[in-house]
Amino acid sequence: MKHLKICLLLLAVGLAGKSWSQDLLSTISKAETERIEKYLASDELEGRKTFSKGIDKAAAFIANEFAQAGLATFNNSGTYLQTFSRMPTKITKEDTNKIENLTLSNVVAVIPGKSLANEYVIFSAHYDHLGINSVRAVNGDSIYNGANDDAAGTTAMIMLSKYFKKLNNNERTLIFAAFTAEEVGGFGAQYFSKQFDPMSVKAMFNLEMIGTESKWGKNSAYITGYEKTDMGAILQKNLAGSGFTFYPDPYSDQNLFYRSDNTTLARLGVPAHTISTSKMDSEPNYHKPSDEFQTLDIDNMNEIIKAIAKSAQSIIAGKDTPTRVDTTQLK
Ligand SMILES: [Zn+2]
C-alpha cells in the first residue's frame with residue numbers, strides 16, 4: 001500500500017507539474033505581445049537605425065522589460081546594455097549631424113541555470129532596423145518601422161524571457177539578446193559572440209520576422225539551415241501533437257542561413273538557426289516603410305511564441321543537445 005501511495009503521490013505531483021507548465025504557457029498573452037510589438041514598431045522610435053536616438057530609446061525599453069521581469073545581467077555586470085564602439089562603415093551627411101558618440105549596444109539578460117549553469121541556450125533577435133529615409137519615402141511615409149523586421153523577433157525574445165523566468169525550471173543558463181547593427185553588418189552579434197567560449201553554447205534560437213503567416217498558413221514556421229544540425233528535429237519532436245510544424249527553410253536559393261545573426265555563432269560551430277515565417281519570395285512590406293504594426297497577425301505571432309517556448313523545453317532542461325554545425329561545410 002505504501003508503495004502504491006508513493007506512486008500515486010508521484011503521479012499527482014507529475015500531473016500537477018505538467019498542468020502548471022501548461023498554464024504558464026497561457027501567460028504568453030496576446031495583449032502583452034501586442035503592447036511590446038506596438039511600441040518597438042512605433043514612429044516614436046524612428047525606425048531604430050544604428051547610431052540613432054530611436055534605437056537608444058528601443059534599448060532602454062528592452063532593458064526595462066528585462067528589469068521588470070527580474071532577469072539577471074550578463075556576468076553580473078549590473079547593466080543589461082552591452083556597449084561597445086565601432087565606426088559605421090558608411091556615414092551619410094545626415095548621420096554625421098546626428099551622431100554624438102559612436103557607441104552601440106546589445107541588450108542582454110540572463111536566467112542562470114540550476115544544474116548546468118555553464119551551458120548556455122541563447123534566444124536572440126536584432127532590434128535595429130533601417131531608420132528614416134526621406135529619399136526612399138513611399139506615399140509620403142519615410143519611417144522604416146520594421147514591425148516585422150525585426151520588432152517581431154525582438155518581441156518574441158522578450159516574451160520568452162518573461163515566460164522562462166516564471167517557469168523557473170531551466171537547468172541550462174538562458175541568455176536573451178537583442179542585437180544591434182544587424183542591418184549594417186551584424187556587428188552586435190559579432191561583439192556578443194566574443195564574450196564567451198562558443199563550446200559553452202548548446203543552442204541558439206534566432207528569431208526573425210514571425211509577424212506574418214508563413215507560406216503554409218497559421219501554426220507553422222521555418223528553420224534556416226535545418227539540415228545542418230539535428231536541432232530542428234528536436235524542436236519538432238517537442239511539438240508532437242501540438243498541431244504546430246517547423247519546416248526546413250523553403251527559400252534555399254536565398255541563403256537565409258547566412259543572412260541573419262545566427263551565422264556568426266554557426267561559424268563557431270554553435271547549433272544556431274533562425275526561425276522565421278517571412279515569405280521571402282513575396283512578403284509585400286519587406287524592407288519598406290509599410291512594414292508597420294497593422295500588417296502583422298498578432299494572434300498567430302503569439303501562438304508562434306508559445307510554440308517556440310514549448311519546442312525548447314528538452315534543450316533548456318539539458319535532456320537534448322543538438323549536434324554542432326560542421327564549419328568545414330559552410331559557405
Ligand atoms: Zn531582420
# chains A, B, ... in the order shown; residues from 1 in each chain; ligands from 1
$ residues_near_ligand --ligand "ligand 1" --cutoff "12 Å" --atoms "only C-alpha atoms and all ligand atoms" --output "ChimeraX atom specification"
/A:124-130,145-154,178-186,206-211,256-262,274-278,280,286-287,291
$ closest_residue --among "A:Gly47, A:Gly70, A:Gly269, A:Gly318" --to "Lys162 (chain A)" --atoms "only C-alpha atoms"
A:Gly70
$ select_by_dssp --residues "region 48-217 of chain A" --states "helix (DSSP H, G or I)" --output "NGL selection string"
:A and (53-69 or 74-76 or 93-98 or 147-167 or 187-193 or 198-200)
$ residues_around --residues "Phe192 (chain A)" --least-positions-apart "2" --cutoff "9 Å" --atoms "only C-alpha atoms" --output "ChimeraX atom specification"
/A:82,106,177,179,187-190,194-196
$ residues_around --residues "Leu104 (chain A)" --least-positions-apart "2" --cutoff "7 Å" --atoms "only C-alpha atoms" --output "compact mmCIF listing (two decimals) with N, CA and C atoms, in the first residue's frame"
# COMPACT_ATOMS: atom_id res chain seq x y z
N PHE A 51 23.04 53.83 -34.34
CA PHE A 51 23.57 55.17 -34.04
C PHE A 51 22.51 56.27 -34.07
N THR A 83 27.65 47.51 -24.20
CA THR A 83 28.01 48.64 -25.05
C THR A 83 29.44 48.52 -25.59
N PHE A 84 29.60 48.86 -26.85
CA PHE A 84 30.93 48.80 -27.48
C PHE A 84 31.02 49.90 -28.54
N SER A 85 32.21 50.14 -29.03
CA SER A 85 32.40 51.20 -30.02
C SER A 85 32.69 50.60 -31.38
N LEU A 102 30.07 57.29 -30.87
CA LEU A 102 29.95 56.14 -31.75
C LEU A 102 29.92 54.83 -30.97
N THR A 180 22.18 44.72 -31.80
CA THR A 180 22.20 45.95 -32.58
C THR A 180 22.89 45.68 -33.93
$ residues_around --residues "region 236-239 of chain A" --least-positions-apart "3" --cutoff "6 Å" --atoms "only C-alpha atoms" --output "ChimeraX atom specification"
/A:233,242,311
$ write_last_selection --atoms "C-alpha atoms" --output "PDB file, in the first residue's frame"
ATOM      1  CA  ALA A 233      14.208  17.654 -35.425  1.00  0.00           C
ATOM      2  CA  SER A 242       0.572  20.362 -30.742  1.00  0.00           C
ATOM      3  CA  SER A 311       9.845  23.369 -28.588  1.00  0.00           C
TER       4      SER A 311
END
$ decode --residues "region 159-196 of chain A" --atoms "N, CA, C and O atoms" --output "compact mmCIF listing (two decimals), in the first residue's frame"
# COMPACT_ATOMS: atom_id res chain seq x y z
N MET A 159 9.18 38.18 -24.74
CA MET A 159 8.09 37.35 -24.20
C MET A 159 8.63 36.02 -23.67
O MET A 159 8.20 35.54 -22.62
N LEU A 160 9.58 35.44 -24.39
CA LEU A 160 10.16 34.16 -23.94
C LEU A 160 10.95 34.35 -22.65
O LEU A 160 10.93 33.50 -21.76
N SER A 161 11.63 35.49 -22.51
CA SER A 161 12.40 35.73 -21.29
C SER A 161 11.46 35.80 -20.08
O SER A 161 11.76 35.25 -19.02
N LYS A 162 10.32 36.41 -20.25
CA LYS A 162 9.35 36.51 -19.15
C LYS A 162 8.76 35.14 -18.81
O LYS A 162 8.58 34.79 -17.65
N TYR A 163 8.47 34.40 -19.87
CA TYR A 163 7.89 33.06 -19.67
C TYR A 163 8.86 32.13 -18.92
O TYR A 163 8.50 31.49 -17.94
N PHE A 164 10.11 32.09 -19.41
CA PHE A 164 11.06 31.16 -18.78
C PHE A 164 11.43 31.59 -17.35
O PHE A 164 11.75 30.76 -16.51
N LYS A 165 11.38 32.90 -17.11
CA LYS A 165 11.62 33.37 -15.74
C LYS A 165 10.52 32.86 -14.81
O LYS A 165 10.79 32.38 -13.71
N LYS A 166 9.27 32.93 -15.28
CA LYS A 166 8.15 32.43 -14.47
C LYS A 166 8.23 30.91 -14.31
O LYS A 166 7.97 30.37 -13.24
N LEU A 167 8.60 30.24 -15.38
CA LEU A 167 8.66 28.77 -15.37
C LEU A 167 9.72 28.31 -14.36
O LEU A 167 9.52 27.34 -13.63
N ASN A 168 10.85 29.02 -14.33
CA ASN A 168 11.86 28.83 -13.29
C ASN A 168 12.32 27.37 -13.16
O ASN A 168 12.47 26.86 -12.05
N ASN A 169 12.50 26.68 -14.28
CA ASN A 169 12.97 25.29 -14.18
C ASN A 169 14.12 24.98 -15.14
O ASN A 169 14.40 23.82 -15.41
N ASN A 170 14.81 26.02 -15.65
CA ASN A 170 15.86 25.75 -16.63
C ASN A 170 17.13 25.24 -15.96
O ASN A 170 17.68 25.88 -15.08
N GLU A 171 17.57 24.08 -16.41
CA GLU A 171 18.83 23.51 -15.90
C GLU A 171 20.01 24.23 -16.55
O GLU A 171 21.04 24.45 -15.92
N ARG A 172 19.89 24.57 -17.84
CA ARG A 172 20.93 25.33 -18.52
C ARG A 172 20.68 26.83 -18.34
O ARG A 172 19.55 27.25 -18.11
N THR A 173 21.74 27.60 -18.48
CA THR A 173 21.61 29.06 -18.39
C THR A 173 21.01 29.60 -19.69
O THR A 173 21.45 29.23 -20.78
N LEU A 174 20.01 30.44 -19.56
CA LEU A 174 19.36 31.04 -20.73
C LEU A 174 19.84 32.47 -20.90
O LEU A 174 19.88 33.24 -19.93
N ILE A 175 20.23 32.80 -22.12
CA ILE A 175 20.68 34.16 -22.42
C ILE A 175 19.71 34.76 -23.44
O ILE A 175 19.42 34.12 -24.47
N PHE A 176 19.23 35.96 -23.15
CA PHE A 176 18.30 36.66 -24.05
C PHE A 176 19.03 37.87 -24.60
O PHE A 176 19.50 38.71 -23.84
N ALA A 177 19.13 37.94 -25.92
CA ALA A 177 19.94 39.01 -26.52
C ALA A 177 19.17 39.73 -27.62
O ALA A 177 18.66 39.11 -28.56
N ALA A 178 19.10 41.07 -27.48
CA ALA A 178 18.63 41.92 -28.57
C ALA A 178 19.88 42.50 -29.21
O ALA A 178 20.63 43.24 -28.57
N PHE A 179 20.13 42.14 -30.46
CA PHE A 179 21.35 42.58 -31.14
C PHE A 179 21.16 43.89 -31.87
O PHE A 179 20.13 44.12 -32.51
N THR A 180 22.18 44.72 -31.80
CA THR A 180 22.20 45.95 -32.58
C THR A 180 22.89 45.68 -33.93
O THR A 180 23.54 44.64 -34.12
N ALA A 181 22.72 46.60 -34.84
CA ALA A 181 23.51 46.66 -36.08
C ALA A 181 23.51 45.41 -36.95
O ALA A 181 24.48 45.12 -37.64
N GLU A 182 22.39 44.67 -36.94
CA GLU A 182 22.29 43.52 -37.85
C GLU A 182 22.20 44.00 -39.29
O GLU A 182 22.86 43.47 -40.18
N GLU A 183 21.38 45.04 -39.49
CA GLU A 183 21.11 45.50 -40.86
C GLU A 183 22.34 46.14 -41.52
O GLU A 183 22.37 46.34 -42.72
N VAL A 184 23.33 46.53 -40.71
CA VAL A 184 24.50 47.21 -41.29
C VAL A 184 25.78 46.38 -41.14
O VAL A 184 26.88 46.93 -41.21
N GLY A 185 25.65 45.08 -40.94
CA GLY A 185 26.85 44.25 -40.93
C GLY A 185 26.96 43.23 -39.82
O GLY A 185 27.93 42.48 -39.76
N GLY A 186 25.99 43.18 -38.92
CA GLY A 186 26.00 42.14 -37.88
C GLY A 186 26.98 42.38 -36.75
O GLY A 186 27.39 41.44 -36.06
N PHE A 187 27.32 43.65 -36.51
CA PHE A 187 28.35 43.93 -35.50
C PHE A 187 27.92 43.57 -34.08
O PHE A 187 28.75 43.21 -33.25
N GLY A 188 26.64 43.70 -33.79
CA GLY A 188 26.15 43.38 -32.45
C GLY A 188 26.41 41.92 -32.11
O GLY A 188 26.97 41.60 -31.05
N ALA A 189 26.01 41.03 -33.00
CA ALA A 189 26.20 39.60 -32.76
C ALA A 189 27.69 39.25 -32.71
O ALA A 189 28.12 38.38 -31.96
N GLN A 190 28.48 39.95 -33.55
CA GLN A 190 29.93 39.66 -33.56
C GLN A 190 30.56 40.01 -32.21
O GLN A 190 31.34 39.23 -31.66
N TYR A 191 30.19 41.15 -31.67
CA TYR A 191 30.73 41.55 -30.36
C TYR A 191 30.25 40.57 -29.27
O TYR A 191 31.05 40.09 -28.46
N PHE A 192 28.97 40.28 -29.31
CA PHE A 192 28.36 39.34 -28.34
C PHE A 192 29.09 38.00 -28.33
O PHE A 192 29.40 37.44 -27.28
N SER A 193 29.40 37.49 -29.56
CA SER A 193 29.95 36.13 -29.67
C SER A 193 31.35 36.02 -29.08
O SER A 193 31.86 34.92 -28.87
N LYS A 194 31.99 37.16 -28.80
CA LYS A 194 33.34 37.12 -28.24
C LYS A 194 33.35 37.16 -26.72
O LYS A 194 34.41 37.20 -26.10
N GLN A 195 32.16 37.15 -26.11
CA GLN A 195 32.09 37.29 -24.64
C GLN A 195 32.09 35.96 -23.91
O GLN A 195 32.02 35.91 -22.69
N PHE A 196 32.17 34.84 -24.66
CA PHE A 196 32.17 33.52 -24.01
C PHE A 196 32.78 32.50 -24.95
O PHE A 196 32.98 32.77 -26.14
